[in-house]
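Shown next: protein_12.txt, given as compact mmCIF, C-alpha atoms and all ligand atoms.
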# COMPACT_ATOMS: atom_id res chain seq x y z
CA MET A 263 -129.91 74.56 219.20
CA THR A 264 -130.84 71.31 220.87
CA LYS A 265 -131.82 69.39 217.75
CA ILE A 266 -130.15 66.14 216.77
CA VAL A 267 -128.17 66.55 213.54
CA THR A 268 -126.41 63.18 213.18
CA ILE A 269 -126.56 59.70 214.68
CA GLU A 270 -123.60 57.57 213.63
CA PRO A 271 -122.66 54.00 214.47
CA LEU A 272 -118.95 53.42 215.03
CA LEU A 273 -117.72 49.83 215.16
CA VAL A 274 -114.46 49.74 217.10
CA ARG A 275 -112.02 46.93 217.73
CA VAL A 276 -111.09 47.09 221.43
CA GLY A 277 -108.98 44.28 222.84
CA ILE A 278 -110.23 40.87 221.72
CA ARG A 279 -113.73 42.03 220.74
CA ASN A 280 -115.61 44.72 218.87
CA GLN A 281 -117.72 47.42 220.48
CA LEU A 282 -120.54 49.19 218.66
CA LEU A 283 -120.50 52.81 219.76
CA ILE A 284 -123.16 55.32 218.76
CA LYS A 285 -122.22 58.98 218.34
CA VAL A 286 -125.04 61.53 218.50
CA THR A 287 -124.34 65.17 217.62
CA THR A 288 -126.61 68.17 218.20
CA GLU A 289 -126.81 71.36 216.18
CA ASP A 290 -124.85 73.29 218.83
CA GLY A 291 -122.03 70.76 218.59
CA ILE A 292 -122.55 68.67 221.73
CA ILE A 293 -121.51 65.03 221.21
CA GLY A 294 -122.96 62.14 223.17
CA TRP A 295 -121.74 58.53 223.20
CA GLY A 296 -123.73 55.36 223.65
CA GLU A 297 -122.94 51.67 223.33
CA SER A 298 -124.96 48.72 222.11
CA GLY A 299 -124.84 45.50 224.10
CA LEU A 300 -125.69 43.03 221.35
CA SER A 301 -122.18 41.62 220.98
CA ALA A 302 -121.46 39.74 217.75
CA ARG A 303 -124.56 41.06 215.96
CA GLU A 304 -123.35 44.64 215.64
CA ARG A 305 -124.23 44.95 211.93
CA SER A 306 -127.92 44.36 212.70
CA VAL A 307 -127.91 47.02 215.41
CA ALA A 308 -126.09 49.52 213.19
CA ALA A 309 -128.76 49.02 210.49
CA THR A 310 -131.49 49.65 213.06
CA VAL A 311 -129.75 52.83 214.18
CA SER A 312 -129.86 53.95 210.56
CA HIS A 313 -133.66 53.43 210.50
CA PHE A 314 -134.08 55.38 213.74
CA SER A 315 -131.81 58.16 212.48
CA ASP A 316 -134.21 58.78 209.58
CA PHE A 317 -136.86 60.13 211.97
CA LEU A 318 -134.74 61.26 214.93
CA VAL A 319 -132.57 63.78 213.09
CA GLY A 320 -134.18 67.16 213.62
CA GLN A 321 -135.87 66.16 216.89
CA ASP A 322 -135.17 67.87 220.22
CA SER A 323 -132.42 65.82 221.90
CA ARG A 324 -133.89 66.63 225.34
CA ARG A 325 -137.13 64.71 224.74
CA ILE A 326 -135.41 61.47 225.72
CA SER A 327 -138.34 59.51 227.09
CA ARG A 328 -140.58 60.44 224.16
CA ILE A 329 -137.85 59.41 221.74
CA TRP A 330 -137.70 56.05 223.54
CA GLN A 331 -141.44 55.56 223.02
CA GLU A 332 -141.28 56.53 219.36
CA CYS A 333 -138.37 54.16 218.66
CA TYR A 334 -140.06 51.29 220.49
CA ARG A 335 -143.50 51.65 219.01
CA SER A 336 -143.09 53.21 215.58
CA GLN A 337 -142.53 50.09 213.47
CA TYR A 338 -145.76 48.36 214.58
CA PHE A 339 -143.72 45.20 215.43
CA GLU A 340 -142.41 46.56 218.70
CA GLY A 341 -139.61 45.23 220.84
CA GLY A 342 -136.91 42.64 220.41
CA ARG A 343 -133.22 42.63 221.27
CA VAL A 344 -131.91 44.22 218.08
CA LEU A 345 -134.27 47.18 218.37
CA THR A 346 -133.70 47.72 222.09
CA ALA A 347 -129.91 47.40 221.75
CA ALA A 348 -130.02 50.26 219.23
CA MET A 349 -132.42 52.22 221.44
CA SER A 350 -130.18 51.64 224.46
CA ALA A 351 -127.18 53.17 222.74
CA ILE A 352 -129.16 56.20 221.54
CA ASP A 353 -130.77 56.68 224.96
CA ILE A 354 -127.39 56.57 226.70
CA ALA A 355 -125.95 59.07 224.20
CA LEU A 356 -128.88 61.45 224.74
CA HIS A 357 -128.32 61.32 228.52
CA ASP A 358 -124.63 62.05 227.91
CA ILE A 359 -125.63 65.08 225.80
CA LEU A 360 -128.15 66.37 228.35
CA GLY A 361 -125.65 66.03 231.18
CA LYS A 362 -123.03 67.94 229.18
CA ARG A 363 -125.61 70.59 228.22
CA LEU A 364 -126.58 71.16 231.86
CA GLY A 365 -123.05 70.74 233.17
CA VAL A 366 -124.00 67.86 235.47
CA PRO A 367 -123.07 64.17 235.72
CA VAL A 368 -125.72 61.81 234.35
CA TYR A 369 -126.57 60.51 237.82
CA GLN A 370 -127.99 63.95 238.60
CA LEU A 371 -130.54 63.40 235.84
CA LEU A 372 -131.58 60.19 237.60
CA GLY A 373 -132.28 61.71 241.01
CA GLY A 374 -128.77 62.22 242.35
CA LYS A 375 -126.31 59.74 243.77
CA GLN A 376 -127.05 57.31 246.57
CA ARG A 377 -123.39 56.26 246.86
CA ASP A 378 -119.94 57.64 246.04
CA ALA A 379 -118.38 54.33 245.06
CA VAL A 380 -119.81 51.33 243.25
CA PRO A 381 -118.57 47.90 244.38
CA SER A 382 -117.77 45.28 241.76
CA PHE A 383 -117.56 41.53 241.57
CA ALA A 384 -114.68 39.96 239.67
CA SER A 385 -114.72 36.87 237.50
CA CYS A 386 -112.08 34.19 237.34
CA MET A 387 -111.39 30.92 235.65
CA GLY A 388 -108.43 28.58 235.59
CA GLU A 389 -107.07 25.67 233.62
CA SER A 390 -106.79 23.79 236.92
CA ARG A 391 -108.26 24.05 240.40
CA ASP A 392 -104.89 25.29 241.70
CA GLU A 393 -104.82 28.06 239.10
CA LEU A 394 -108.39 29.04 239.92
CA LEU A 395 -107.67 29.15 243.64
CA GLU A 396 -104.56 31.24 243.05
CA LYS A 397 -106.57 33.77 241.05
CA ALA A 398 -109.22 33.87 243.77
CA ARG A 399 -106.49 34.59 246.34
CA ILE A 400 -105.15 37.43 244.19
CA LEU A 401 -108.65 38.93 243.99
CA VAL A 402 -109.39 38.60 247.71
CA ASN A 403 -105.99 40.06 248.60
CA ALA A 404 -106.75 42.99 246.28
CA GLY A 405 -109.97 43.66 248.17
CA TRP A 406 -112.72 41.90 246.21
CA ASP A 407 -115.45 40.48 248.44
CA CYS A 408 -117.51 38.92 245.67
CA ILE A 409 -116.12 36.44 243.15
CA ARG A 410 -117.80 34.68 240.28
CA ILE A 411 -116.36 31.68 238.50
CA TYR A 412 -117.14 29.97 235.22
CA PRO A 413 -117.66 26.22 234.82
CA SER A 414 -114.59 24.04 234.39
CA ASN A 415 -114.02 22.79 230.83
CA PHE A 416 -115.85 25.98 229.80
CA ASP A 417 -114.78 25.67 226.17
CA ASN A 418 -112.89 22.44 225.69
CA GLY A 419 -111.92 22.73 222.04
CA GLY A 420 -115.40 23.95 221.16
CA VAL A 421 -117.12 21.24 223.23
CA TYR A 422 -119.07 21.80 226.45
CA ASP A 423 -120.45 18.67 228.02
CA PRO A 424 -122.47 19.54 231.15
CA ARG A 425 -122.26 16.20 232.90
CA ARG A 426 -118.48 16.09 232.43
CA SER A 427 -118.05 19.68 233.58
CA LEU A 428 -120.37 19.93 236.58
CA LYS A 429 -118.59 17.60 239.01
CA GLY A 430 -115.28 19.44 238.61
CA THR A 431 -117.06 22.79 238.84
CA ALA A 432 -118.76 21.78 242.08
CA GLU A 433 -115.42 20.68 243.53
CA GLU A 434 -113.88 24.02 242.58
CA LEU A 435 -116.65 25.97 244.28
CA ILE A 436 -116.35 23.87 247.43
CA ALA A 437 -112.57 24.42 247.44
CA ILE A 438 -112.99 28.21 247.17
CA ARG A 439 -115.63 28.25 249.92
CA ASN A 440 -113.42 26.10 252.16
CA GLU A 441 -110.47 28.44 251.67
CA PHE A 442 -112.28 31.73 252.28
CA GLY A 443 -115.18 30.64 254.45
CA GLN A 444 -118.15 32.99 254.45
CA SER A 445 -115.92 36.08 254.18
CA ILE A 446 -116.71 36.44 250.48
CA ALA A 447 -119.79 36.14 248.31
CA LEU A 448 -119.43 33.42 245.70
CA GLY A 449 -121.32 32.86 242.47
CA ILE A 450 -121.14 30.99 239.21
CA ASP A 451 -122.23 31.92 235.69
CA LEU A 452 -123.46 28.86 233.80
CA HIS A 453 -124.16 30.84 230.59
CA HIS A 454 -127.64 29.32 230.34
CA ARG A 455 -126.31 26.02 229.03
CA LEU A 456 -128.07 23.51 231.26
CA SER A 457 -131.43 21.80 231.39
CA VAL A 458 -133.55 22.09 234.53
CA ALA A 459 -132.48 18.56 235.53
CA GLU A 460 -128.78 19.31 235.02
CA ALA A 461 -129.04 22.53 237.01
CA ALA A 462 -130.77 20.72 239.88
CA SER A 463 -128.17 17.93 239.90
CA PHE A 464 -125.39 20.52 239.96
CA CYS A 465 -126.84 22.34 242.95
CA HIS A 466 -127.28 19.05 244.80
CA MET A 467 -123.52 18.47 244.53
CA LEU A 468 -122.96 21.57 246.68
CA PRO A 469 -123.26 21.78 250.48
CA GLN A 470 -125.75 24.42 251.59
CA GLY A 471 -124.05 27.80 251.89
CA THR A 472 -121.56 27.18 249.08
CA LEU A 473 -123.18 29.51 246.58
CA ASP A 474 -124.50 33.03 247.08
CA PHE A 475 -125.86 33.22 243.57
CA LEU A 476 -126.48 30.97 240.60
CA GLU A 477 -126.30 32.97 237.38
CA GLU A 478 -128.33 31.81 234.40
CA PRO A 479 -128.15 28.03 234.73
CA ILE A 480 -130.86 27.74 232.05
CA ARG A 481 -132.11 29.97 229.24
CA ALA A 482 -134.50 32.75 230.18
CA GLU A 483 -137.27 32.46 227.59
CA THR A 484 -139.41 30.39 229.97
CA PRO A 485 -139.94 31.69 233.52
CA GLU A 486 -141.94 28.54 234.27
CA ALA A 487 -138.72 26.54 233.84
CA TYR A 488 -137.10 28.64 236.57
CA ALA A 489 -140.19 28.10 238.70
CA ALA A 490 -139.68 24.34 238.28
CA LEU A 491 -136.00 24.68 239.20
CA ARG A 492 -136.95 26.74 242.24
CA THR A 493 -138.91 23.78 243.63
CA MET A 494 -135.68 21.74 243.57
CA VAL A 495 -132.98 24.21 244.68
CA ASP A 496 -132.78 27.05 247.20
CA VAL A 497 -129.83 29.09 245.84
CA PRO A 498 -130.60 32.74 244.88
CA PHE A 499 -130.90 33.19 241.12
CA ALA A 500 -129.10 35.98 239.22
CA ILE A 501 -130.99 36.48 235.95
CA GLY A 502 -131.61 39.33 233.55
CA GLU A 503 -128.71 40.12 231.23
CA GLU A 504 -130.74 38.96 228.23
CA PHE A 505 -133.84 40.97 229.05
CA SER A 506 -134.73 43.59 226.47
CA SER A 507 -137.65 45.28 228.21
CA LYS A 508 -139.39 45.94 231.51
CA TRP A 509 -142.04 43.47 230.42
CA GLU A 510 -139.54 40.60 230.30
CA ALA A 511 -138.05 41.62 233.64
CA ALA A 512 -141.48 41.90 235.25
CA ARG A 513 -142.36 38.26 234.62
CA TYR A 514 -139.37 37.22 236.74
CA LEU A 515 -139.77 39.85 239.42
CA GLU A 516 -143.46 39.32 239.98
CA ALA A 517 -142.99 35.55 240.27
CA GLY A 518 -140.03 35.92 242.67
CA LEU A 519 -137.74 34.13 240.21
CA THR A 520 -134.69 36.34 240.35
CA GLN A 521 -132.98 37.51 243.51
CA PHE A 522 -130.33 39.60 241.72
CA MET A 523 -131.27 41.61 238.61
CA ARG A 524 -128.52 41.25 236.01
CA LEU A 525 -129.91 43.87 233.64
CA ASP A 526 -127.69 45.21 230.88
CA ILE A 527 -128.21 48.93 230.31
CA CYS A 528 -126.91 48.56 226.73
CA ASN A 529 -129.58 45.97 225.88
CA ILE A 530 -132.64 46.62 228.03
CA GLY A 531 -133.31 50.09 226.61
CA GLY A 532 -130.81 52.50 228.14
CA PHE A 533 -131.34 54.61 231.25
CA THR A 534 -135.00 55.20 230.44
CA GLU A 535 -135.90 51.51 230.69
CA ALA A 536 -133.25 50.46 233.22
CA MET A 537 -134.45 52.94 235.85
CA LYS A 538 -138.00 51.63 235.52
CA VAL A 539 -136.79 48.08 236.03
CA ALA A 540 -134.70 49.24 238.99
CA GLY A 541 -137.83 50.68 240.58
CA TRP A 542 -139.69 47.45 240.00
CA CYS A 543 -136.79 45.58 241.64
CA GLU A 544 -136.92 47.91 244.66
CA ARG A 545 -140.58 47.06 245.10
CA HIS A 546 -139.57 43.36 245.33
CA TYR A 547 -136.41 43.95 247.48
CA VAL A 548 -134.21 42.75 244.64
CA ASP A 549 -130.78 44.37 244.18
CA LEU A 550 -129.28 45.21 240.80
CA MET A 551 -126.19 43.28 239.74
CA PRO A 552 -125.59 44.87 236.33
CA HIS A 553 -124.16 42.95 233.40
CA ASN A 554 -121.11 44.95 232.31
CA PRO A 555 -118.99 42.93 229.89
CA LEU A 556 -118.32 45.63 227.28
CA GLY A 557 -116.33 48.84 227.13
CA PRO A 558 -115.97 52.18 228.93
CA VAL A 559 -119.25 53.65 227.65
CA CYS A 560 -121.24 50.68 228.97
CA THR A 561 -119.28 50.82 232.22
CA ALA A 562 -119.84 54.56 232.68
CA ALA A 563 -123.58 54.27 231.97
CA SER A 564 -123.85 51.38 234.40
CA ILE A 565 -121.95 53.31 237.08
CA HIS A 566 -124.23 56.37 236.83
CA MET A 567 -127.26 54.08 237.11
CA ALA A 568 -125.67 52.19 240.01
CA ALA A 569 -124.92 55.46 241.77
CA ALA A 570 -128.54 56.59 241.52
CA VAL A 571 -130.46 53.48 242.64
CA PRO A 572 -130.96 52.49 246.29
CA ASN A 573 -131.07 48.75 245.58
CA PHE A 574 -127.65 47.64 244.44
CA SER A 575 -125.23 44.77 245.13
CA TRP A 576 -122.21 44.56 242.79
CA ILE A 577 -121.48 45.52 239.21
CA GLU A 578 -119.64 43.05 237.00
CA THR A 579 -116.14 44.23 236.13
CA ARG A 580 -113.83 43.03 233.38
CA GLN A 581 -111.03 45.23 234.74
CA SER A 582 -109.98 43.26 237.81
CA VAL A 583 -106.37 42.39 238.56
CA VAL A 584 -106.82 38.96 236.95
CA GLU A 585 -108.64 40.15 233.81
CA SER A 586 -107.06 43.51 233.03
CA ASP A 587 -105.34 42.05 229.96
CA LEU A 588 -108.64 41.67 228.12
CA GLY A 589 -108.14 45.21 226.84
CA PHE A 590 -111.82 46.20 226.67
CA HIS A 591 -111.02 49.59 228.25
CA ASP A 592 -108.04 50.56 226.09
CA PRO A 593 -106.98 54.06 227.25
CA LYS A 594 -105.63 54.91 223.79
CA ILE A 595 -109.18 54.78 222.41
CA PHE A 596 -110.85 56.01 225.60
CA PRO A 597 -108.45 58.59 227.11
CA LYS A 598 -111.03 59.54 229.74
CA GLN A 599 -113.16 56.91 231.46
CA VAL A 600 -114.52 55.90 234.86
CA GLN A 601 -111.72 54.92 237.21
CA MET A 602 -111.46 52.03 239.65
CA ASP A 603 -110.01 52.23 243.14
CA GLY A 604 -109.25 48.59 243.89
CA PRO A 605 -112.54 46.68 243.70
CA VAL A 606 -114.79 49.75 243.49
CA TYR A 607 -115.60 52.21 240.73
CA VAL A 608 -115.35 55.87 241.70
CA VAL A 609 -118.53 57.69 240.65
CA PRO A 610 -117.44 60.45 238.23
CA ASP A 611 -118.63 63.98 239.00
CA GLY A 612 -117.92 65.69 235.66
CA PRO A 613 -120.59 66.56 233.07
CA GLY A 614 -122.27 63.72 231.16
CA LEU A 615 -121.04 60.16 231.30
CA GLY A 616 -117.41 61.13 231.86
CA VAL A 617 -116.06 59.24 228.83
CA GLU A 618 -114.01 60.59 225.94
CA VAL A 619 -113.46 58.72 222.68
CA ASP A 620 -110.36 59.35 220.58
CA GLU A 621 -112.02 58.88 217.21
CA LYS A 622 -108.74 58.89 215.31
CA ALA A 623 -107.45 56.01 217.44
CA ALA A 624 -110.83 54.28 217.25
CA ARG A 625 -110.88 54.44 213.45
CA ALA A 626 -107.21 53.42 213.08
CA VAL A 627 -108.12 49.72 213.03
CA THR A 628 -110.78 48.38 210.67
CA PRO A 629 -112.60 45.83 212.80
CA GLU A 630 -113.36 42.46 211.33
CA HIS A 631 -116.44 40.64 212.51
CA VAL A 632 -115.85 38.56 215.65
CA GLU A 633 -118.11 35.52 215.79
CA PRO A 634 -118.45 33.92 219.23
CA PRO A 635 -117.60 30.22 219.55
CA HIS A 636 -120.34 27.92 218.31
CA LEU A 637 -120.14 25.38 221.11
CA ARG A 638 -121.32 21.82 220.70
CA ARG A 639 -121.83 18.87 222.97
CA SER A 640 -119.64 15.80 222.61
CA ASP A 641 -122.31 14.16 220.40
CA GLY A 642 -122.11 17.08 217.96
CA SER A 643 -125.37 18.78 218.96
CA VAL A 644 -125.62 22.52 219.58
CA THR A 645 -125.22 24.17 222.97
CA ASN A 646 -125.07 27.80 224.00
CA TRP A 647 -121.89 29.85 224.05
MG MG B 1 -123.82 35.95 232.52
What is this structure when it is put down as C-alpha cells?
Amino acid sequence: MTKIVTIEPLLVRVGIRNQLLIKVTTEDGIIGWGESGLSARERSVAATVSHFSDFLVGQDSRRISRIWQECYRSQYFEGGRVLTAAMSAIDIALHDILGKRLGVPVYQLLGGKQRDAVPSFASCMGESRDELLEKARILVNAGWDCIRIYPSNFDNGGVYDPRRSLKGTAEELIAIRNEFGQSIALGIDLHHRLSVAEAASFCHMLPQGTLDFLEEPIRAETPEAYAALRTMVDVPFAIGEEFSSKWEAARYLEAGLTQFMRLDICNIGGFTEAMKVAGWCERHYVDLMPHNPLGPVCTAASIHMAAAVPNFSWIETRQSVVESDLGFHDPKIFPKQVQMDGPVYVVPDGPGLGVEVDEKAARAVTPEHVEPPHLRRSDGSVTNW
C-alpha cells in the first residue's frame, strides 16, 4: 500500500509570482506536497517531473534515498538545476508522505529537533534612505535582530548600473549601522551582479564592522573568483542559493569560501541532499542560512530542516511586517501552514510537513508565465536580475 500511484505538477499563482507544487499520491491515498525552487522556469521542471513519473509510479514511496539516486543518475547526463529542482520537489513530497504515514513531523525523520523555534532574517528596501531606515526601525521594533537590504537603484526602470548604485548602497548600510549599532546583524544581497573589482570597491566604501554578511556579490560558477575577492575583503560571504548539489557546495566549503550556507532545499535536491550539505557545513563550522523566497511548502520544508540541524543562523523570510503584502503565503490556497511568532517560525509538531493545499482555490486561477525582469546596464548590455 506504499506504492506511488501519481506524481502531478501543479502550477499555482500565489501573490505576484507562480509556485510549482508537486503532488505525490500513494496507493493507500496519502498525499505529499513538494515545491520546486526554479522560479520562472517552471515549465522545464514540470516536464522533468513527467519523465521521472514514468519510472517512479509503482515504486515504494519509502525508498526515498534510493529514488534520489535513481533520478539523479538514470539519464546518464546527471545533475543540473532543472533536474535537481524536480528531484527536490519529489523528495520533499516523499518526506511529507512518510511523516504522515508514521504520524510524525518530518523533523523526526531527520534525527529529531534541535530547536523549538527557527529565527529569521527580514529583507527591506526603500525608494529613499529615509524610507529604508523607517522599515528597518519597524523590523527591529518587531523583534528582528538580523536585517538584509538590497542595493539602492535595484531596478531603475530595468537598468542596474553598479557604479551608480554602490555609493548610495554603502551610505545606506552605514546609516543603518549607525542607528542600531552592533545590536543587529546586517547583510546585503547583491544578486550576483558585480565583478570582483566592483565587489572589492564596494566593500572598501564600508568601515570595518558595517556588514555581517555579503550575499552573492558575484556569480557562483567560479569559486576561484571568490578566492580572489577574499584576498581583498574580509567580510563573511553568504553563498549557496544557486547550488544544485553537494558537489557544488563542497567546492566552496572545502576552500573556506562561504561563511553562511544559503542552500535552497527546493533546488539543491530536497531533504536528502540538503542534510548531507548541512553535515558538511557542520564539519567546517559554517551555519545554514537557508534561501526561502517561495511559498508555504518551501518554508515548511526549510523549517523542518532548520529544526533538525545543529548549525543554523537565520532563515530568510518573506513574511515579515514590511513584506507581508507579497502574498506568497496566501491562506486561501494554503489553509494550514507553518506559523510565525514575531521574527521566529514555530516548529510544527503535526504529521508530515504541516501544510495543507486547497486544490480548488489553487486551480481557480490559471497562472500565466511570469518572466523576471531582464535587467541591463546603462549601455544596454546584459546584467543579472
Ligand atoms: Mg540571494
Write out as a ChimeraX atom specification which residues come within 12 Å of region 414-423 of chain A when counting only C-alpha atoms, dropping same-chain ones fewer than 4 positions away.
-> /A:386-391,393-394,427-435,450-453,455-457,460,634-647
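Note that CA of Arg524 (chain A) and CA of Asp496 (chain A) are 18.6 Å apart.
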Within 12 Å of ligand MG 1 (chain B) (only C-alpha atoms and all ligand atoms), residues as a ChimeraX atom specification: /A:385,410-413,449-455,475-482,499-505,522-526,551-555,577-579,646-647
Take the residues just selected and output them with C-alpha atoms as a PDB file, keeping the file's coordinate frame.
ATOM      1  CA  SER A 385    -114.720  36.870 237.500  1.00  0.00           C
ATOM      2  CA  ARG A 410    -117.800  34.680 240.280  1.00  0.00           C
ATOM      3  CA  ILE A 411    -116.360  31.680 238.500  1.00  0.00           C
ATOM      4  CA  TYR A 412    -117.140  29.970 235.220  1.00  0.00           C
ATOM      5  CA  PRO A 413    -117.660  26.220 234.820  1.00  0.00           C
ATOM      6  CA  GLY A 449    -121.320  32.860 242.470  1.00  0.00           C
ATOM      7  CA  ILE A 450    -121.140  30.990 239.210  1.00  0.00           C
ATOM      8  CA  ASP A 451    -122.230  31.920 235.690  1.00  0.00           C
ATOM      9  CA  LEU A 452    -123.460  28.860 233.800  1.00  0.00           C
ATOM     10  CA  HIS A 453    -124.160  30.840 230.590  1.00  0.00           C
ATOM     11  CA  HIS A 454    -127.640  29.320 230.340  1.00  0.00           C
ATOM     12  CA  ARG A 455    -126.310  26.020 229.030  1.00  0.00           C
ATOM     13  CA  PHE A 475    -125.860  33.220 243.570  1.00  0.00           C
ATOM     14  CA  LEU A 476    -126.480  30.970 240.600  1.00  0.00           C
ATOM     15  CA  GLU A 477    -126.300  32.970 237.380  1.00  0.00           C
ATOM     16  CA  GLU A 478    -128.330  31.810 234.400  1.00  0.00           C
ATOM     17  CA  PRO A 479    -128.150  28.030 234.730  1.00  0.00           C
ATOM     18  CA  ILE A 480    -130.860  27.740 232.050  1.00  0.00           C
ATOM     19  CA  ARG A 481    -132.110  29.970 229.240  1.00  0.00           C
ATOM     20  CA  ALA A 482    -134.500  32.750 230.180  1.00  0.00           C
ATOM     21  CA  PHE A 499    -130.900  33.190 241.120  1.00  0.00           C
ATOM     22  CA  ALA A 500    -129.100  35.980 239.220  1.00  0.00           C
ATOM     23  CA  ILE A 501    -130.990  36.480 235.950  1.00  0.00           C
ATOM     24  CA  GLY A 502    -131.610  39.330 233.550  1.00  0.00           C
ATOM     25  CA  GLU A 503    -128.710  40.120 231.230  1.00  0.00           C
ATOM     26  CA  GLU A 504    -130.740  38.960 228.230  1.00  0.00           C
ATOM     27  CA  PHE A 505    -133.840  40.970 229.050  1.00  0.00           C
ATOM     28  CA  PHE A 522    -130.330  39.600 241.720  1.00  0.00           C
ATOM     29  CA  MET A 523    -131.270  41.610 238.610  1.00  0.00           C
ATOM     30  CA  ARG A 524    -128.520  41.250 236.010  1.00  0.00           C
ATOM     31  CA  LEU A 525    -129.910  43.870 233.640  1.00  0.00           C
ATOM     32  CA  ASP A 526    -127.690  45.210 230.880  1.00  0.00           C
ATOM     33  CA  MET A 551    -126.190  43.280 239.740  1.00  0.00           C
ATOM     34  CA  PRO A 552    -125.590  44.870 236.330  1.00  0.00           C
ATOM     35  CA  HIS A 553    -124.160  42.950 233.400  1.00  0.00           C
ATOM     36  CA  ASN A 554    -121.110  44.950 232.310  1.00  0.00           C
ATOM     37  CA  PRO A 555    -118.990  42.930 229.890  1.00  0.00           C
ATOM     38  CA  ILE A 577    -121.480  45.520 239.210  1.00  0.00           C
ATOM     39  CA  GLU A 578    -119.640  43.050 237.000  1.00  0.00           C
ATOM     40  CA  THR A 579    -116.140  44.230 236.130  1.00  0.00           C
ATOM     41  CA  ASN A 646    -125.070  27.800 224.000  1.00  0.00           C
ATOM     42  CA  TRP A 647    -121.890  29.850 224.050  1.00  0.00           C
TER      43      TRP A 647
END
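Between CA of Gly614 (chain A) and CA of Ser336 (chain A) lies a distance of 28.0 Å.
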Between CA of Val380 (chain A) and CA of Tyr607 (chain A) lies a distance of 5.0 Å
Handout entry: Nearby residues (only C-alpha atoms) at most 10 Å from region 401-409 of chain A, same-chain spacing under 5 positions excluded, as an MDAnalysis selection string
Key = chainID A and resid 381:386 395:396 438 442 444:450 474 575:576 578 582:584 603:606
**OP:** May I have the residues within 8 Å of Arg343 (chain A) as a PyMOL selection string, using all atoms listed in the file and disregarding those fewer than 4 positions away in the same chain?
**Re:** chain A and resi 300+347+505-506+529-530
Q.
Every residue with an atom at most 6 Å from (-129.2, 54.9, 230.6) (file coordinates; all atoms listed in the file) is what I'm after, so could you write them as a list in words?
A.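 All residues meeting the 6 Å criterion around (-129.2, 54.9, 230.6) are Ile354, Gly532, Phe533, Thr534 and Ala563 of chain A.
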Residues as selected, C-alpha atoms, written as a PDB file, in the frame of the given file, can you do that?
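And here's result_34.pdb as it stands now:
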ATOM      1  CA  ILE A 354    -127.390  56.570 226.700  1.00  0.00           C
ATOM      2  CA  GLY A 532    -130.810  52.500 228.140  1.00  0.00           C
ATOM      3  CA  PHE A 533    -131.340  54.610 231.250  1.00  0.00           C
ATOM      4  CA  THR A 534    -135.000  55.200 230.440  1.00  0.00           C
ATOM      5  CA  ALA A 563    -123.580  54.270 231.970  1.00  0.00           C
TER       6      ALA A 563
END
Protein and nucleic acid residues near (-130.2, 74.5, 222.3) (cut-off 10 Å, only C-alpha atoms) as a CSV table (one decimal) with C-alpha atoms, in the coordinates of the input:
chain,number,residue,atom,x,y,z
A,263,MET,CA,-129.9,74.6,219.2
A,264,THR,CA,-130.8,71.3,220.9
A,265,LYS,CA,-131.8,69.4,217.8
A,288,THR,CA,-126.6,68.2,218.2
A,289,GLU,CA,-126.8,71.4,216.2
A,290,ASP,CA,-124.8,73.3,218.8
A,291,GLY,CA,-122.0,70.8,218.6
A,292,ILE,CA,-122.6,68.7,221.7
A,322,ASP,CA,-135.2,67.9,220.2
A,323,SER,CA,-132.4,65.8,221.9
A,324,ARG,CA,-133.9,66.6,225.3
A,363,ARG,CA,-125.6,70.6,228.2
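Candidate residues A:Gly361, A:Pro271, A:Gly320, A:Gly589 were compared for distance to Asp611 (chain A), and the nearest is A:Gly361, using all atoms listed in the file.
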message = Please determine, counting only C-alpha atoms, which residue among A:Tyr488, A:Tyr547, A:Trp330, A:Trp542 has the shortest atom-to-atom distance to Leu519 (chain A).
response =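 Once distances to Leu519 (chain A) are computed over only C-alpha atoms, the minimum belongs to A:Tyr488.
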*Selection: 10 Å around Pro367 (chain A), all atoms listed in the file, excl. self and same-chain fewer than 6 positions, as a count of residues only*: 15
- Which of A:Trp295, A:Phe317, A:Tyr338, A:Phe574 sits closest to Ile359 (chain A) [using only C-alpha atoms]: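 Nearest to Ile359 (chain A): A:Trp295.
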Between A:Arg377, A:Arg279, A:Arg492, A:His466, which one has atoms that come closest to Ala569 (chain A), using all atoms listed in the file?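 Nearest candidate to Ala569 (chain A) out of A:Arg377, A:Arg279, A:Arg492, A:His466: A:Arg377.
Distances from A:Leu345, A:Ala487, A:Val286, A:Ile293 to His313 (chain A) were compared using all atoms listed in the file, and the smallest one belongs to A:Leu345.
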Using only C-alpha atoms, the best pick from A:Cys465, A:Ala309, A:Leu356, A:Gln331 as closest to Val344 (chain A) would be A:Ala309
